[in-house]
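Report on one structure; see the data block that follows.
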Amino acid sequence: MTMQFTDRVERVEPSATLAISNLASKLEADGVDVVDLSVGEPDFPTPENVVEAGKAALDAGHTGYTPSNGVPELKEAIVGKLEADGLDYTTDEVIVTPGGKQALYETFQTLVDDGDEVVLLDPAWVSYEAMAKLAGGSLSRIDLSESAFQLEPVLDELAATVSDDTELLVINSPSNPSGAVFTDAALEGVRDLAVDHDVTVISDEIYDTVTYGVEQTSLGALDGMGDRTVTINGFSKAYSMTGWRLGYLAAPESLIEQAGKLHSHSVSCAANFVQRAGIEALENTEESVAEMRNAFESRRDMLVELFAEHGIDVPVPDGAFYMMLPVDGDDQAWCEGAIEEAHVATVPGSAFGTPGYARLSYAASEERLREGVERLADAGYI
Ligand code: PMP
Ligand code: GLU
């Protein structure tokens with residue numbers, strides 16, 4: 001029998017970041033020592049007290065379903081965290097999801113109909129395009145690669161693209177993959193356009209704890225944005241909890257009502273004991289979060305210096321744990337060669353809509369990062 005697949009799944013590709021990390025794992029299983037700078041996953045253990053809270057929750061029997069949108073205590077802790085960011089949400093305006101990815105997926109499915117325009121800022125994290133396409137959206141893209149990945153210098157271009165027909169705009173600051181943190185003036189520019197054209201904006205703030213010497217501003221805290229922003233966040237990056245699968249969306253109650261239907265019919269709820277551990281993560285991890293951020297900052301500085309020694313100026317990122325390395329020629333071929341010959345795994349910029357770069361995740365030890373740069377140099381890639 002030949003199965004017929006839907007147009008919506010056939011119009012997307014598998015996640016490029018995960019595909020390369022799978023390839024790196026496969027090479028490693030074959031005995032190859034790969035310096036894996038592909039996937040965006042902190043290389044630190046989940047903070048001990050969070051692990052203990054998860055275990056205690058299991059021991060206490062928190063193994064059943066929870067209310068679909070999340071356990072009240074976690075939603076309260078989330079509202080408290082958002083409040084500290086200047087965001088005014090109630091517990092009825094939050095859905096707790098298995099990962100930030102699910103929060104984004106539910107948001108796209110709830111807001112985007114066939115043919116609706118979704119505006120992305122390139123480079124944009126791989127899954128935004130896929131999620132927009134799965135929902136039937138049509139994409140418009142603004143290139144930030146000529147402005148050192150900053151939005152403020154290209155607000156005019158954004159203004160020329162966003163119109164009354166735009167349904168959704170996606171902002172991700174600090175950005176995956178560029179590490180750029182958008183200025184307040186850039187975010188105010190976004191606000192003005194969103195208000196003028198009545199556009200809903202996703203603000204994906206999953207890297208908000210990882211900034212270096214600059215402050216990240218929450219878009220939804222700006223005047224006029226409260227009722228048109230969907231704030232996305234998650235526990236994977238800030239608390240090194242990628243495998244726990246925990247995230248959330250916060251939005252006006254009308255959106256929560258609609259997205260909550262999707263949530264209840266698909267995942268039912270996020271895992272019960274994981275949600276309990278999430279409370280501990282939000283309330284008692286200040287030190288661990290600061291330690292991870294400091295380590296990322298030293299690694300960023302080290303990498304920028306190492307590349308400079310090889311005559312390469314990388315745009316210096318102000319946040320997240322990624323950087324965009326300018327590469328010669330076809331970036332896909334460069335990345336394929338780098339993994340096969342130098343055994344260094346990176347992700348082609350074109351997967352994020354920005355050819356000519358390779359994205360490096362520096363969520364790896366300084367020793368491995370040095371090794372990676374040496375291998376790239378020895379094999380003639382830099
Ligand atoms: N947004 C961005 C920008 C990301 O890089 C990621 C990383 N996977 C996510 C959302 C989702 O992460 P998770 O589902 O692990 O919370
Ligand atoms: N967001 C991470 C990355 O960009 C994890 C992989 C993914 O979910 O795509 O590498």
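FYI, nothing fancy with the structure tokens labels: chains A, B, ... in order, residues from 1 per chain, ligands from 1 as they appear.
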
Within 6 Å of ligand 2, counting only C-alpha atoms and all ligand atoms, residues as a PyMOL selection string: chain A and resi 15+17-18+39-40

Can you pull out every residue within 10 Å of Ala56 (chain A), counting only C-alpha atoms, but drop anything in the same chain fewer than 4 positions away, and send it as a list in words? Val50, Val51, Glu52, Ala60, Gly61, His62, Phe273, Arg276 and Ala277 of chain A

Distance criterion (only C-alpha atoms and all ligand atoms): nearest to ligand 1 out of A:Thr200, A:Ser38, A:Ser145, A:Ser173: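 Smallest separation from ligand 1 among the options: A:Ser173.
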
What does the list of residues within 9 Å of ligand 1 look like if you count only C-alpha atoms and all ligand atoms, written as a VMD selection string? chain A and resid 17 39 to 41 97 to 104 124 to 128 172 to 177 204 to 207 232 to 237 241 to 248 320

Need the shell around Gly136 (chain A): protein/DNA/RNA residues with any atom at most 12 Å away, counting only C-alpha atoms. Skip same-chain ones fewer than 2 positions apart. Format as a PyMOL selection string? chain A and resi 6-12+108-118+129-134+138-139

Using only C-alpha atoms, determine which residues lie at most 10 Å from Asp313 (chain A), disregarding the query and same-chain residues fewer than 4 positions distant; provide the list as a ChimeraX atom specification. /A:304-309,325-326

Dump of C-alpha atoms for the selected residues, as a PDB file, in the first residue's frame:
ATOM      1  CA  VAL A 304      35.894  35.520  19.593  1.00  0.00           C
ATOM      2  CA  GLU A 305      39.604  35.806  20.437  1.00  0.00           C
ATOM      3  CA  LEU A 306      40.529  32.452  18.899  1.00  0.00           C
ATOM      4  CA  PHE A 307      38.757  33.306  15.649  1.00  0.00           C
ATOM      5  CA  ALA A 308      40.407  36.745  15.635  1.00  0.00           C
ATOM      6  CA  GLU A 309      43.789  34.976  15.865  1.00  0.00           C
ATOM      7  CA  LEU A 325      30.863  32.197  11.976  1.00  0.00           C
ATOM      8  CA  PRO A 326      31.224  33.707   8.496  1.00  0.00           C
TER       9      PRO A 326
END

Hey, which bits of region 14-114 of chain A sit within 12 Å of region 280-297 of chain A, and for each residue what's the closest pair of atoms and how far apart in Å (one decimal), counting only C-alpha atoms, rows by chain and increasing number, as a tab-separated table?
residue	atom	partner	partner_atom	distance
A:Glu41	CA	A:Phe296	CA	11.9
A:Pro42	CA	A:Met292	CA	8.4
A:Asp43	CA	A:Met292	CA	9.3
A:Phe44	CA	A:Met292	CA	7.6
A:Pro45	CA	A:Ser288	CA	10.0
A:Thr46	CA	A:Ser288	CA	9.0
A:Pro47	CA	A:Ser288	CA	6.5
A:Glu48	CA	A:Ser288	CA	9.4
A:Asn49	CA	A:Glu280	CA	7.3
A:Val50	CA	A:Glu280	CA	5.7
A:Val51	CA	A:Glu280	CA	9.2
A:Glu52	CA	A:Glu280	CA	9.3
A:Ala53	CA	A:Glu280	CA	6.6
A:Gly54	CA	A:Glu280	CA	8.9
A:Lys55	CA	A:Glu280	CA	11.9
A:Ala56	CA	A:Glu280	CA	11.3
A:Ala57	CA	A:Glu280	CA	11.0
A:Glu73	CA	A:Glu280	CA	10.6
A:Leu74	CA	A:Leu282	CA	8.7
A:Lys75	CA	A:Leu282	CA	10.7
A:Glu76	CA	A:Leu282	CA	10.5
A:Ala77	CA	A:Leu282	CA	6.7
A:Ile78	CA	A:Leu282	CA	7.4
A:Val79	CA	A:Leu282	CA	10.5
A:Gly80	CA	A:Leu282	CA	9.1
A:Lys81	CA	A:Leu282	CA	7.2
A:Leu82	CA	A:Leu282	CA	10.6
A:Ala84	CA	A:Leu282	CA	11.5

Using C-alpha atoms, can you export the residues from the last selection as a PDB file, in the first residue's frame?
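Generated file (out28.pdb):
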ATOM      1  CA  GLU A  41      21.795  22.343  24.711  1.00  0.00           C
ATOM      2  CA  PRO A  42      23.594  23.563  27.862  1.00  0.00           C
ATOM      3  CA  ASP A  43      26.382  21.155  28.829  1.00  0.00           C
ATOM      4  CA  PHE A  44      25.691  21.538  32.562  1.00  0.00           C
ATOM      5  CA  PRO A  45      23.707  19.119  34.700  1.00  0.00           C
ATOM      6  CA  THR A  46      20.258  20.265  35.834  1.00  0.00           C
ATOM      7  CA  PRO A  47      20.793  22.008  39.201  1.00  0.00           C
ATOM      8  CA  GLU A  48      20.833  19.420  41.978  1.00  0.00           C
ATOM      9  CA  ASN A  49      17.976  21.008  43.967  1.00  0.00           C
ATOM     10  CA  VAL A  50      15.746  20.852  40.881  1.00  0.00           C
ATOM     11  CA  VAL A  51      16.566  17.170  40.370  1.00  0.00           C
ATOM     12  CA  GLU A  52      15.796  16.565  44.054  1.00  0.00           C
ATOM     13  CA  ALA A  53      12.476  18.382  43.720  1.00  0.00           C
ATOM     14  CA  GLY A  54      11.597  16.145  40.762  1.00  0.00           C
ATOM     15  CA  LYS A  55      12.478  13.015  42.738  1.00  0.00           C
ATOM     16  CA  ALA A  56      10.557  14.231  45.781  1.00  0.00           C
ATOM     17  CA  ALA A  57       7.530  14.883  43.573  1.00  0.00           C
ATOM     18  CA  GLU A  73       1.477  26.478  42.103  1.00  0.00           C
ATOM     19  CA  LEU A  74       3.679  26.431  38.994  1.00  0.00           C
ATOM     20  CA  LYS A  75       1.430  28.888  37.180  1.00  0.00           C
ATOM     21  CA  GLU A  76       1.693  31.196  40.188  1.00  0.00           C
ATOM     22  CA  ALA A  77       5.499  30.914  40.135  1.00  0.00           C
ATOM     23  CA  ILE A  78       5.482  31.660  36.394  1.00  0.00           C
ATOM     24  CA  VAL A  79       3.273  34.721  36.905  1.00  0.00           C
ATOM     25  CA  GLY A  80       5.751  35.867  39.594  1.00  0.00           C
ATOM     26  CA  LYS A  81       8.696  35.450  37.206  1.00  0.00           C
ATOM     27  CA  LEU A  82       6.869  37.333  34.466  1.00  0.00           C
ATOM     28  CA  ALA A  84       9.643  40.508  37.738  1.00  0.00           C
TER      29      ALA A  84
END

Would you please extract all strand (DSSP E or B) residues from region 220-346 of chain A, as assigned by DSSP on the backbone, and give them as an MDAnalysis selection string? chainID A and resid 229:234 247:250 319 322:326 344:345

Selection file, N, CA and C atoms, as a PDB file, in the first residue's frame:
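result_28.pdb, freshly written:
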ATOM      1  N   THR A 229       0.670  40.494  22.680  1.00  0.00           N
ATOM      2  CA  THR A 229       1.921  39.722  22.749  1.00  0.00           C
ATOM      3  C   THR A 229       1.653  38.329  23.301  1.00  0.00           C
ATOM      4  N   VAL A 230       2.273  37.342  22.677  1.00  0.00           N
ATOM      5  CA  VAL A 230       2.301  36.003  23.255  1.00  0.00           C
ATOM      6  C   VAL A 230       3.731  35.797  23.733  1.00  0.00           C
ATOM      7  N   THR A 231       3.916  35.717  25.039  1.00  0.00           N
ATOM      8  CA  THR A 231       5.256  35.548  25.604  1.00  0.00           C
ATOM      9  C   THR A 231       5.525  34.057  25.754  1.00  0.00           C
ATOM     10  N   ILE A 232       6.649  33.639  25.140  1.00  0.00           N
ATOM     11  CA  ILE A 232       7.025  32.216  25.193  1.00  0.00           C
ATOM     12  C   ILE A 232       8.279  32.097  26.048  1.00  0.00           C
ATOM     13  N   ASN A 233       8.317  31.073  26.878  1.00  0.00           N
ATOM     14  CA  ASN A 233       9.545  30.820  27.612  1.00  0.00           C
ATOM     15  C   ASN A 233       9.606  29.335  27.945  1.00  0.00           C
ATOM     16  N   GLY A 234      10.744  28.923  28.510  1.00  0.00           N
ATOM     17  CA  GLY A 234      10.899  27.507  28.827  1.00  0.00           C
ATOM     18  C   GLY A 234      12.046  27.308  29.790  1.00  0.00           C
ATOM     19  N   GLY A 247       7.887  24.138  29.394  1.00  0.00           N
ATOM     20  CA  GLY A 247       7.877  25.514  28.908  1.00  0.00           C
ATOM     21  C   GLY A 247       6.489  26.093  29.129  1.00  0.00           C
ATOM     22  N   TYR A 248       6.253  27.283  28.595  1.00  0.00           N
ATOM     23  CA  TYR A 248       4.925  27.875  28.753  1.00  0.00           C
ATOM     24  C   TYR A 248       4.701  29.001  27.768  1.00  0.00           C
ATOM     25  N   LEU A 249       3.415  29.320  27.598  1.00  0.00           N
ATOM     26  CA  LEU A 249       3.055  30.533  26.881  1.00  0.00           C
ATOM     27  C   LEU A 249       2.179  31.353  27.799  1.00  0.00           C
ATOM     28  N   ALA A 250       2.311  32.672  27.667  1.00  0.00           N
ATOM     29  CA  ALA A 250       1.466  33.592  28.437  1.00  0.00           C
ATOM     30  C   ALA A 250       0.863  34.561  27.431  1.00  0.00           C
ATOM     31  N   GLY A 319      24.155  37.674  23.786  1.00  0.00           N
ATOM     32  CA  GLY A 319      23.333  36.767  24.572  1.00  0.00           C
ATOM     33  C   GLY A 319      23.232  35.393  23.944  1.00  0.00           C
ATOM     34  N   TYR A 322      25.158  31.040  21.194  1.00  0.00           N
ATOM     35  CA  TYR A 322      25.437  30.761  19.785  1.00  0.00           C
ATOM     36  C   TYR A 322      26.249  31.898  19.190  1.00  0.00           C
ATOM     37  N   MET A 323      27.026  31.568  18.144  1.00  0.00           N
ATOM     38  CA  MET A 323      27.587  32.642  17.332  1.00  0.00           C
ATOM     39  C   MET A 323      27.585  32.217  15.878  1.00  0.00           C
ATOM     40  N   MET A 324      27.559  33.229  15.018  1.00  0.00           N
ATOM     41  CA  MET A 324      27.512  32.973  13.580  1.00  0.00           C
ATOM     42  C   MET A 324      28.910  33.200  13.011  1.00  0.00           C
ATOM     43  N   LEU A 325      29.520  32.120  12.546  1.00  0.00           N
ATOM     44  CA  LEU A 325      30.863  32.197  11.976  1.00  0.00           C
ATOM     45  C   LEU A 325      30.742  32.410  10.463  1.00  0.00           C
ATOM     46  N   PRO A 326      31.298  33.517   9.947  1.00  0.00           N
ATOM     47  CA  PRO A 326      31.224  33.707   8.496  1.00  0.00           C
ATOM     48  C   PRO A 326      32.070  32.626   7.804  1.00  0.00           C
ATOM     49  N   VAL A 344      33.939  18.333  13.353  1.00  0.00           N
ATOM     50  CA  VAL A 344      33.354  19.430  14.137  1.00  0.00           C
ATOM     51  C   VAL A 344      31.936  19.655  13.587  1.00  0.00           C
ATOM     52  N   ALA A 345      30.948  19.498  14.447  1.00  0.00           N
ATOM     53  CA  ALA A 345      29.553  19.623  13.994  1.00  0.00           C
ATOM     54  C   ALA A 345      29.029  21.037  14.218  1.00  0.00           C
TER      55      ALA A 345
END

One decimal, Å: what's the distance from CA of Pro123 (chain A) over to CA of Asp318 (chain A), could you say?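 These two atoms are separated by 15.4 Å.
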
Spatial neighbours of Thr346 (chain A), max dist 7 Å, only C-alpha atoms, sep filter under 4 positions, as a ChimeraX atom specification: /A:37-38,335,358-360

For Val162 (chain A): contacts at 12 Å, only C-alpha atoms, fewer than 5 positions along chain excluded, given as an NGL selection string: :A and (117-121 or 139-142 or 155-157 or 167-170 or 189-201)

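Between Ala251 (chain A) and the residues A:Gln216, A:Ser203, A:Thr2, A:Thr183, the shortest atom-to-atom distance, using only C-alpha atoms, involves A:Ser203.
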
As a ChimeraX atom specification, list the residues of region 92-213 of chain A assigned to alpha helix (DSSP H) by DSSP on the backbone atoms of this structure. /A:100-111,126-134,155-161,184-197
